[in-house]
file coords.cif (mmCIF, C-alpha atoms and all ligand atoms)
data_run
#
loop_
_atom_site.label_atom_id
_atom_site.label_comp_id
_atom_site.auth_asym_id
_atom_site.auth_seq_id
_atom_site.Cartn_x
_atom_site.Cartn_y
_atom_site.Cartn_z
CA MET B 1361 -15.64 41.51 43.70
CA LEU B 1362 -17.08 40.48 40.39
CA CYS B 1363 -15.95 43.62 38.61
CA CYS B 1364 -12.30 43.40 39.55
CA ALA B 1365 -11.77 39.71 39.19
CA ALA B 1366 -13.00 40.01 35.63
CA ALA B 1367 -11.10 43.25 35.05
CA ASN B 1368 -7.77 41.67 35.90
CA ALA B 1369 -8.13 38.71 33.56
CA GLU B 1370 -5.33 38.23 31.04
CA LEU B 1371 -6.63 39.02 27.56
CA LEU B 1372 -3.68 37.73 25.54
CA VAL B 1373 -3.07 34.20 24.37
CA ASN B 1374 0.55 33.07 24.66
CA GLY B 1375 1.89 36.51 25.64
CA ASP B 1376 4.94 34.78 27.11
CA PHE B 1377 5.77 32.93 23.85
CA GLU B 1378 6.16 29.58 25.63
CA ASP B 1379 4.08 27.87 22.95
CA PRO B 1380 5.07 26.04 20.77
CA THR B 1381 7.98 24.13 22.27
CA PHE B 1382 10.62 22.81 19.86
CA ASN B 1383 14.03 21.19 19.69
CA GLY B 1384 17.10 23.38 19.51
CA SER B 1385 17.67 26.95 20.62
CA TRP B 1386 15.62 28.75 17.98
CA GLN B 1387 13.05 28.08 15.28
CA ILE B 1388 10.93 30.01 12.80
CA PHE B 1389 7.17 29.72 12.29
CA ASP B 1390 4.51 31.13 9.97
CA SER B 1391 2.35 31.68 13.04
CA ILE B 1392 2.33 30.62 16.69
CA PRO B 1393 -0.62 30.18 19.08
CA GLY B 1394 -2.26 33.59 19.59
CA TRP B 1395 0.04 35.50 17.21
CA GLN B 1396 0.08 36.09 13.48
CA LEU B 1397 2.79 37.37 11.18
CA ASP B 1398 1.89 40.77 9.70
CA SER B 1399 5.11 41.40 7.76
CA GLY B 1400 8.55 39.89 7.34
CA PRO B 1401 9.66 36.32 6.68
CA SER B 1402 8.65 34.47 9.87
CA ILE B 1403 8.09 34.52 13.61
CA GLU B 1404 11.37 33.56 15.29
CA VAL B 1405 11.14 32.00 18.75
CA GLN B 1406 14.35 31.67 20.76
CA HIS B 1407 15.13 29.40 23.68
CA GLY B 1408 18.49 29.73 25.44
CA VAL B 1409 20.41 30.98 22.38
CA ASN B 1410 24.05 31.44 23.48
CA GLY B 1411 22.93 30.77 27.06
CA TRP B 1412 20.89 33.98 27.12
CA THR B 1413 17.87 34.11 29.43
CA ALA B 1414 14.23 34.91 28.80
CA TYR B 1415 12.43 37.62 30.77
CA SER B 1416 9.97 34.99 31.99
CA GLY B 1417 9.58 31.31 31.20
CA GLU B 1418 12.09 29.87 28.75
CA GLN B 1419 11.29 31.47 25.39
CA TRP B 1420 11.16 34.89 23.76
CA ILE B 1421 10.81 36.41 20.27
CA GLU B 1422 13.50 37.99 18.11
CA LEU B 1423 11.54 40.37 15.89
CA ASP B 1424 14.38 40.71 13.38
CA SER B 1425 13.62 37.15 12.32
CA ASP B 1426 15.09 34.83 9.69
CA GLU B 1427 14.26 33.61 6.19
CA ASN B 1428 15.38 29.99 6.30
CA GLY B 1429 15.61 28.87 9.92
CA PRO B 1430 18.36 26.91 11.63
CA GLY B 1431 20.51 24.90 9.24
CA GLY B 1432 19.07 26.57 6.17
CA GLY B 1433 20.65 29.17 3.91
CA SER B 1434 23.29 31.68 4.84
CA PHE B 1435 23.14 34.24 7.59
CA GLY B 1436 24.48 37.05 5.44
CA GLY B 1437 22.24 39.48 3.62
CA GLU B 1438 18.96 37.96 4.71
CA GLN B 1439 16.00 40.18 5.47
CA GLY B 1440 14.54 39.48 8.88
CA SER B 1441 12.55 42.47 10.13
CA SER B 1442 9.10 41.26 11.10
CA ALA B 1443 5.87 42.40 12.72
CA ILE B 1444 3.56 40.20 14.75
CA SER B 1445 0.10 40.93 16.09
CA GLN B 1446 -2.79 39.54 18.08
CA ASP B 1447 -6.44 40.57 17.67
CA ILE B 1448 -8.22 41.14 20.97
CA ASP B 1449 -11.91 41.50 21.75
CA THR B 1450 -12.14 44.98 23.25
CA GLU B 1451 -14.75 47.40 24.54
CA PRO B 1452 -14.85 50.64 22.51
CA GLY B 1453 -13.59 53.38 24.82
CA GLY B 1454 -12.25 50.81 27.26
CA GLN B 1455 -8.88 51.30 28.91
CA TYR B 1456 -6.31 48.54 29.20
CA LEU B 1457 -2.99 48.04 30.94
CA LEU B 1458 -0.30 46.85 28.53
CA THR B 1459 2.99 45.55 29.87
CA PHE B 1460 5.87 43.94 28.00
CA ALA B 1461 9.60 43.32 28.30
CA PHE B 1462 12.09 44.52 25.66
CA SER B 1463 15.76 43.61 25.41
CA PRO B 1464 18.46 44.33 22.87
CA ARG B 1465 20.22 41.34 21.33
CA PRO B 1466 23.56 41.09 23.16
CA GLY B 1467 26.38 42.47 21.00
CA VAL B 1468 24.04 44.18 18.55
CA ASN B 1469 23.70 47.97 18.64
CA ASP B 1470 20.59 48.50 16.57
CA ASN B 1471 17.43 47.25 18.32
CA ARG B 1472 14.25 49.20 17.56
CA LEU B 1473 10.74 48.30 18.60
CA LEU B 1474 7.44 49.81 17.49
CA VAL B 1475 4.35 48.99 19.58
CA GLU B 1476 0.87 49.75 18.27
CA PHE B 1477 -2.60 49.24 19.75
CA GLY B 1478 -5.13 49.61 16.93
CA ASP B 1479 -4.29 52.90 15.20
CA GLU B 1480 -2.47 54.21 18.26
CA VAL B 1481 1.33 54.24 18.39
CA VAL B 1482 2.03 53.19 21.97
CA ALA B 1483 5.81 53.37 21.94
CA GLU B 1484 8.89 53.51 19.74
CA LEU B 1485 11.88 52.18 21.68
CA PHE B 1486 15.60 51.81 21.10
CA ALA B 1487 18.17 49.79 23.02
CA SER B 1488 21.82 48.93 22.38
CA GLY B 1489 23.22 45.48 23.14
CA ILE B 1490 26.86 46.54 22.78
CA GLY B 1491 28.91 45.18 25.69
CA LEU B 1492 26.16 42.88 26.95
CA GLY B 1493 26.87 39.21 27.71
CA ASN B 1494 23.24 38.42 28.35
CA THR B 1495 19.80 39.85 27.68
CA ASN B 1496 18.91 43.07 29.51
CA TRP B 1497 15.13 43.07 29.86
CA GLN B 1498 13.39 46.35 30.53
CA VAL B 1499 9.72 46.27 31.44
CA PHE B 1500 7.38 48.89 30.00
CA GLU B 1501 3.85 49.68 31.11
CA PHE B 1502 1.27 51.73 29.24
CA VAL B 1503 -2.44 52.50 29.57
CA VAL B 1504 -4.04 52.14 26.14
CA THR B 1505 -7.56 52.93 24.95
CA SER B 1506 -9.57 50.90 22.50
CA SER B 1507 -11.71 52.47 19.79
CA SER B 1508 -13.39 49.35 18.43
CA ASP B 1509 -14.75 45.86 19.16
CA ILE B 1510 -11.55 44.20 17.99
CA THR B 1511 -8.14 45.77 18.46
CA SER B 1512 -4.89 44.57 16.99
CA LEU B 1513 -1.87 44.68 19.31
CA ARG B 1514 1.21 44.82 17.10
CA PHE B 1515 4.97 44.58 17.76
CA SER B 1516 7.26 45.52 14.86
CA ASP B 1517 11.00 45.53 14.33
CA LEU B 1518 12.33 48.86 13.06
CA SER B 1519 16.01 47.93 13.20
CA GLN B 1520 18.17 47.47 10.12
CA SER B 1521 16.76 44.30 8.54
CA ASN B 1522 19.64 41.83 8.98
CA THR B 1523 18.13 38.96 11.07
CA LEU B 1524 19.58 40.36 14.31
CA GLY B 1525 17.87 42.37 17.02
CA THR B 1526 14.85 43.40 19.05
CA PHE B 1527 13.82 40.81 21.64
CA ILE B 1528 10.37 40.85 23.29
CA ASP B 1529 8.83 38.67 26.02
CA GLY B 1530 6.28 38.65 28.84
CA ILE B 1531 3.48 40.60 27.16
CA SER B 1532 0.29 41.16 29.13
CA LEU B 1533 -2.95 43.04 28.47
CA THR B 1534 -5.65 43.45 31.12
CA ALA B 1535 -8.78 45.60 31.25
CA LEU B 1536 -8.87 48.56 33.62
CA PRO B 1537 -12.17 49.39 35.33
CA GLY B 1538 -13.70 52.01 33.06
CA PRO B 1539 -16.83 54.11 32.54
CA ALA B 1540 -18.96 51.01 31.98
CA VAL B 1541 -18.10 49.64 35.43
CA LEU B 1542 -18.43 53.05 37.06
CA GLY B 1543 -21.77 53.51 35.34
CA VAL B 1544 -23.10 50.52 37.24
CA LEU B 1545 -21.43 51.30 40.55
CA LEU B 1546 -21.84 55.07 40.80
CA PRO B 1547 -25.67 55.19 41.00
CA LEU B 1548 -25.53 52.61 43.77
CA LEU B 1549 -22.95 54.65 45.66
CA LEU B 1550 -24.80 57.91 45.16
CA THR B 1551 -28.29 56.69 46.07
CA PRO B 1552 -29.34 58.44 49.29
CA ARG B 1553 -30.03 56.09 52.16
CA ARG B 1554 -33.60 56.18 53.35
CA ARG B 1555 -34.23 57.04 56.92
CA ARG B 1556 -36.49 54.81 58.86
CA CA T 1 8.78 33.87 27.77
CA CA T 2 16.92 36.46 13.89
CA CA T 3 18.51 44.25 12.82
#

call {"tool": "encode", "arguments": {"input": "coords.cif", "output": "structure tokens"}}
result
Amino acid sequence: MLCCAAANAELLVNGDFEDPTFNGSWQIFDSIPGWQLDSGPSIEVQHGVNGWTAYSGEQWIELDSDENGPGGGSFGGEQGSSAISQDIDTEPGGQYLLTFAFSPRPGVNDNRLLVEFGDEVVAELFASGIGLGNTNWQVFEFVVTSSSDITSLRFSDLSQSNTLGTFIDGISLTALPGPAVLGVLLPLLLTPRRRR
């Protein structure tokens, strides 16, 4: 059906953070395809750091980022907490299914994630990485409602700003069939059939 094929289309660009590719196990960027930096020093993309695994694909984001990148500066006392966002064309009043994976950084207790969709706080999550030898991805799913033509989907680190913590990966946003679709379909369904 036309309605549902369109309704299931992925609305995010690079929600899996597989772009850009780079040499080494991590790198920092001012922006990456689809995503902009709202606050903090940089967008940090990781790829097999310490042998850890992504939720999907090869790469993920550490939202407590880094000021200087690999090989630059010291790792003590840097501020890393960052927020990234993507602006999405949305239908006012439209409902969307948001899914994402969140993992603590192994060995780090304080991992805190804030998720916002426009002005709406979708979730505030905490996870501890104490005792973990690898990532521990948990998948979250929320129905969110848009209130404007363009909605900003934002992921922010709320952990202690020390360059360590709060991994995200595998983000997806798809439209749910809403009043607009029902408005077209319902009259058709409710029209009485004529008798011959
Ligand atoms: Ca990924
Ligand atoms: Ca970092
Ligand atoms: Ca931190």

call {"tool": "closest_atom_pairs", "arguments": {"input": "coords.cif", "of": "chain B", "to": "ligand CA 1 (chain T)", "cutoff": "8 Å", "atoms": "all atoms listed in the file", "output": "tab-separated table"}}
result
residue	atom	partner	partner_atom	distance
B:Gly1375	CA	T:CA1	CA	7.7
B:Asp1376	CA	T:CA1	CA	4.0
B:Phe1377	CA	T:CA1	CA	5.0
B:Glu1378	CA	T:CA1	CA	5.5
B:Ala1414	CA	T:CA1	CA	5.6
B:Tyr1415	CA	T:CA1	CA	6.0
B:Ser1416	CA	T:CA1	CA	4.5
B:Gly1417	CA	T:CA1	CA	4.4
B:Glu1418	CA	T:CA1	CA	5.3
B:Gln1419	CA	T:CA1	CA	4.2
B:Trp1420	CA	T:CA1	CA	4.8
B:Asp1529	CA	T:CA1	CA	5.1
B:Gly1530	CA	T:CA1	CA	5.5

call {"tool": "atom_distance", "arguments": {"input": "coords.cif", "atom1": "CA of Gly1431 (chain B)", "atom2": "CA of Ile1392 (chain B)"}}
result
20.5 Å

call {"tool": "residues_near_ligand", "arguments": {"input": "coords.cif", "ligand": "ligand CA 3 (chain T)", "cutoff": "10 Å", "atoms": "all atoms listed in the file", "output": "PyMOL selection string"}}
result
chain B and resi 1422-1425+1439-1441+1465+1468-1472+1517-1526

call {"tool": "closest_residue", "arguments": {"input": "coords.cif", "among": "B:Pro1380, B:Gly1453, B:Gly1429, B:Gly1437", "to": "Gly1538 (chain B)", "atoms": "all atoms listed in the file"}}
result
B:Gly1453

call {"tool": "residues_around", "arguments": {"input": "coords.cif", "residues": "Ala1483 (chain B)", "least_positions_apart": "2", "cutoff": "10 Å", "atoms": "all atoms listed in the file", "output": "mmCIF file with C-alpha atoms, keeping the file's coordinate frame"}}
result
data_model
loop_
_atom_site.group_PDB
_atom_site.id
_atom_site.type_symbol
_atom_site.label_atom_id
_atom_site.label_comp_id
_atom_site.auth_asym_id
_atom_site.auth_seq_id
_atom_site.Cartn_x
_atom_site.Cartn_y
_atom_site.Cartn_z
ATOM 1 C CA LEU B 1473 10.740 48.300 18.600
ATOM 2 C CA LEU B 1474 7.440 49.810 17.490
ATOM 3 C CA VAL B 1475 4.350 48.990 19.580
ATOM 4 C CA GLU B 1476 0.870 49.750 18.270
ATOM 5 C CA PHE B 1477 -2.600 49.240 19.750
ATOM 6 C CA GLU B 1480 -2.470 54.210 18.260
ATOM 7 C CA VAL B 1481 1.330 54.240 18.390
ATOM 8 C CA LEU B 1485 11.880 52.180 21.680
ATOM 9 C CA PHE B 1486 15.600 51.810 21.100
ATOM 10 C CA PHE B 1500 7.380 48.890 30.000
ATOM 11 C CA PHE B 1502 1.270 51.730 29.240
ATOM 12 C CA PHE B 1515 4.970 44.580 17.760
#

call {"tool": "atom_distance", "arguments": {"input": "coords.cif", "atom1": "CA of Phe1389 (chain B)", "atom2": "CA of Ile1403 (chain B)"}}
result
5.1 Å

call {"tool": "closest_residue", "arguments": {"input": "coords.cif", "among": "B:Ser1506, B:Trp1386, B:Ala1369, B:Ser1516", "to": "Glu1484 (chain B)", "atoms": "all atoms listed in the file"}}
result
B:Ser1516

call {"tool": "atom_distance", "arguments": {"input": "coords.cif", "atom1": "CA of Val1373 (chain B)", "atom2": "CA of Ser1385 (chain B)"}}
result
22.3 Å

call {"tool": "closest_residue", "arguments": {"input": "coords.cif", "among": "B:Gln1455, B:Ser1442, B:Ser1488, B:Ser1512", "to": "ligand CA 2 (chain T)", "atoms": "only C-alpha atoms and all ligand atoms"}}
result
B:Ser1442

call {"tool": "residues_around", "arguments": {"input": "coords.cif", "residues": "Asp1390 (chain B)", "least_positions_apart": "6", "cutoff": "12 Å", "atoms": "all atoms listed in the file", "output": "list in words"}}
result
Pro1380, Gln1396, Leu1397, Asp1398, Ser1399, Gly1400, Pro1401, Ser1402, Ile1403, Glu1404, Val1405, Ser1425, Asp1426, Glu1427, Asn1428, Gly1429, Ser1442, Ala1443 and Ile1444 of chain B

call {"tool": "decode", "arguments": {"input": "coords.cif", "residues": "region 1410-1547 of chain B", "atoms": "C-alpha atoms", "output": "mmCIF file, in the first residue's frame"}}
result
data_model
loop_
_atom_site.group_PDB
_atom_site.id
_atom_site.type_symbol
_atom_site.label_atom_id
_atom_site.label_comp_id
_atom_site.auth_asym_id
_atom_site.auth_seq_id
_atom_site.Cartn_x
_atom_site.Cartn_y
_atom_site.Cartn_z
ATOM 1 C CA ASN B 1410 39.460 -1.707 22.931
ATOM 2 C CA GLY B 1411 37.790 -4.390 20.802
ATOM 3 C CA TRP B 1412 34.326 -3.201 21.849
ATOM 4 C CA THR B 1413 31.457 -3.806 19.440
ATOM 5 C CA ALA B 1414 28.909 -1.476 17.888
ATOM 6 C CA TYR B 1415 25.172 -2.120 18.228
ATOM 7 C CA SER B 1416 24.946 -2.284 14.430
ATOM 8 C CA GLY B 1417 27.506 -1.736 11.698
ATOM 9 C CA GLU B 1418 31.013 -0.882 12.875
ATOM 10 C CA GLN B 1419 30.775 2.589 14.418
ATOM 11 C CA TRP B 1420 29.033 4.393 17.253
ATOM 12 C CA ILE B 1421 29.173 7.758 19.058
ATOM 13 C CA GLU B 1422 30.634 8.541 22.477
ATOM 14 C CA LEU B 1423 28.700 11.619 23.562
ATOM 15 C CA ASP B 1424 31.233 12.533 26.248
ATOM 16 C CA SER B 1425 33.588 13.497 23.451
ATOM 17 C CA ASP B 1426 37.121 14.909 23.363
ATOM 18 C CA GLU B 1427 38.825 18.270 22.863
ATOM 19 C CA ASN B 1428 41.925 17.322 20.890
ATOM 20 C CA GLY B 1429 41.375 13.936 19.273
ATOM 21 C CA PRO B 1430 43.728 10.967 19.129
ATOM 22 C CA GLY B 1431 47.366 11.881 19.639
ATOM 23 C CA GLY B 1432 46.569 15.407 20.751
ATOM 24 C CA GLY B 1433 46.700 16.884 24.236
ATOM 25 C CA SER B 1434 46.260 15.061 27.491
ATOM 26 C CA PHE B 1435 43.334 12.938 28.551
ATOM 27 C CA GLY B 1436 43.122 14.457 32.013
ATOM 28 C CA GLY B 1437 40.820 17.323 32.854
ATOM 29 C CA GLU B 1438 39.383 17.759 29.391
ATOM 30 C CA GLN B 1439 35.744 18.678 28.950
ATOM 31 C CA GLY B 1440 33.954 16.303 26.626
ATOM 32 C CA SER B 1441 30.200 16.408 27.231
ATOM 33 C CA SER B 1442 28.498 17.055 23.917
ATOM 34 C CA ALA B 1443 25.076 17.243 22.296
ATOM 35 C CA ILE B 1444 24.324 16.341 18.698
ATOM 36 C CA SER B 1445 21.152 16.847 16.703
ATOM 37 C CA GLN B 1446 19.515 16.326 13.344
ATOM 38 C CA ASP B 1447 16.719 18.488 11.901
ATOM 39 C CA ILE B 1448 13.916 16.474 10.343
ATOM 40 C CA ASP B 1449 11.073 17.551 8.072
ATOM 41 C CA THR B 1450 7.984 16.650 10.085
ATOM 42 C CA GLU B 1451 4.218 16.956 9.870
ATOM 43 C CA PRO B 1452 2.768 19.078 12.705
ATOM 44 C CA GLY B 1453 0.777 16.699 14.895
ATOM 45 C CA GLY B 1454 2.369 13.700 13.227
ATOM 46 C CA GLN B 1455 3.470 10.714 15.279
ATOM 47 C CA TYR B 1456 6.807 9.007 14.801
ATOM 48 C CA LEU B 1457 8.508 5.883 16.076
ATOM 49 C CA LEU B 1458 11.944 6.639 17.529
ATOM 50 C CA THR B 1459 14.328 3.797 18.305
ATOM 51 C CA PHE B 1460 17.944 3.953 19.438
ATOM 52 C CA ALA B 1461 20.555 1.887 21.251
ATOM 53 C CA PHE B 1462 22.337 3.150 24.387
ATOM 54 C CA SER B 1463 25.325 1.564 26.098
ATOM 55 C CA PRO B 1464 27.525 2.599 28.991
ATOM 56 C CA ARG B 1465 31.245 2.865 28.319
ATOM 57 C CA PRO B 1466 32.757 -0.333 29.764
ATOM 58 C CA GLY B 1467 34.434 0.371 33.113
ATOM 59 C CA VAL B 1468 32.799 3.781 33.530
ATOM 60 C CA ASN B 1469 29.995 4.194 36.058
ATOM 61 C CA ASP B 1470 28.535 7.518 35.031
ATOM 62 C CA ASN B 1471 26.720 7.349 31.668
ATOM 63 C CA ARG B 1472 23.743 9.676 31.289
ATOM 64 C CA LEU B 1473 21.764 10.320 28.142
ATOM 65 C CA LEU B 1474 19.135 12.981 27.460
ATOM 66 C CA VAL B 1475 16.940 12.516 24.364
ATOM 67 C CA GLU B 1476 14.795 15.369 23.068
ATOM 68 C CA PHE B 1477 12.403 15.646 20.126
ATOM 69 C CA GLY B 1478 11.716 19.341 19.537
ATOM 70 C CA ASP B 1479 10.691 20.766 22.920
ATOM 71 C CA GLU B 1480 9.716 17.344 24.225
ATOM 72 C CA VAL B 1481 11.997 15.447 26.615
ATOM 73 C CA VAL B 1482 11.719 11.882 25.348
ATOM 74 C CA ALA B 1483 13.952 10.153 27.872
ATOM 75 C CA GLU B 1484 16.635 10.662 30.490
ATOM 76 C CA LEU B 1485 18.617 7.431 30.892
ATOM 77 C CA PHE B 1486 21.399 6.167 33.127
ATOM 78 C CA ALA B 1487 23.592 3.094 32.760
ATOM 79 C CA SER B 1488 26.689 1.873 34.599
ATOM 80 C CA GLY B 1489 29.589 0.241 32.763
ATOM 81 C CA ILE B 1490 31.268 -1.053 35.933
ATOM 82 C CA GLY B 1491 32.291 -4.692 35.465
ATOM 83 C CA LEU B 1492 31.644 -4.718 31.726
ATOM 84 C CA GLY B 1493 34.261 -6.050 29.290
ATOM 85 C CA ASN B 1494 32.291 -4.982 26.254
ATOM 86 C CA THR B 1495 29.467 -2.661 25.306
ATOM 87 C CA ASN B 1496 26.004 -3.554 26.627
ATOM 88 C CA TRP B 1497 23.525 -2.099 24.151
ATOM 89 C CA GLN B 1498 19.961 -1.583 25.276
ATOM 90 C CA VAL B 1499 17.381 -0.663 22.664
ATOM 91 C CA PHE B 1500 14.737 1.932 23.485
ATOM 92 C CA GLU B 1501 11.569 2.676 21.547
ATOM 93 C CA PHE B 1502 9.328 5.713 21.905
ATOM 94 C CA VAL B 1503 6.382 7.227 20.051
ATOM 95 C CA VAL B 1504 7.001 10.959 19.666
ATOM 96 C CA THR B 1505 4.764 13.726 18.342
ATOM 97 C CA SER B 1506 5.872 16.636 16.224
ATOM 98 C CA SER B 1507 4.561 20.162 16.732
ATOM 99 C CA SER B 1508 6.170 21.862 13.744
ATOM 100 C CA ASP B 1509 7.400 21.550 10.142
ATOM 101 C CA ILE B 1510 10.969 20.931 11.255
ATOM 102 C CA THR B 1511 11.831 19.057 14.430
ATOM 103 C CA SER B 1512 15.247 18.727 15.981
ATOM 104 C CA LEU B 1513 16.115 15.275 17.362
ATOM 105 C CA ARG B 1514 18.809 15.790 19.981
ATOM 106 C CA PHE B 1515 21.033 13.433 22.006
ATOM 107 C CA SER B 1516 22.974 14.994 24.893
ATOM 108 C CA ASP B 1517 25.499 13.703 27.396
ATOM 109 C CA LEU B 1518 24.571 14.506 31.001
ATOM 110 C CA SER B 1519 27.430 12.569 32.603
ATOM 111 C CA GLN B 1520 30.308 14.230 34.434
ATOM 112 C CA SER B 1521 32.207 15.994 31.642
ATOM 113 C CA ASN B 1522 35.486 14.042 31.529
ATOM 114 C CA THR B 1523 35.658 12.649 27.943
ATOM 115 C CA LEU B 1524 34.315 9.245 29.028
ATOM 116 C CA GLY B 1525 30.820 7.845 28.716
ATOM 117 C CA THR B 1526 27.438 7.569 27.036
ATOM 118 C CA PHE B 1527 27.521 5.534 23.814
ATOM 119 C CA ILE B 1528 24.698 5.702 21.242
ATOM 120 C CA ASP B 1529 24.126 3.828 17.966
ATOM 121 C CA GLY B 1530 21.444 2.544 15.605
ATOM 122 C CA ILE B 1531 19.058 5.506 15.706
ATOM 123 C CA SER B 1532 15.914 5.320 13.586
ATOM 124 C CA LEU B 1533 12.903 7.579 13.092
ATOM 125 C CA THR B 1534 9.891 6.552 10.998
ATOM 126 C CA ALA B 1535 6.454 8.097 10.568
ATOM 127 C CA LEU B 1536 3.449 6.321 12.050
ATOM 128 C CA PRO B 1537 0.156 6.438 10.136
ATOM 129 C CA GLY B 1538 -1.650 9.385 11.681
ATOM 130 C CA PRO B 1539 -4.804 11.500 11.375
ATOM 131 C CA ALA B 1540 -3.802 12.704 7.910
ATOM 132 C CA VAL B 1541 -3.722 9.152 6.553
ATOM 133 C CA LEU B 1542 -6.878 8.172 8.413
ATOM 134 C CA GLY B 1543 -8.578 11.292 7.092
ATOM 135 C CA VAL B 1544 -8.135 9.977 3.575
ATOM 136 C CA LEU B 1545 -8.948 6.357 4.327
ATOM 137 C CA LEU B 1546 -11.848 6.665 6.766
ATOM 138 C CA PRO B 1547 -14.381 8.295 4.386
#
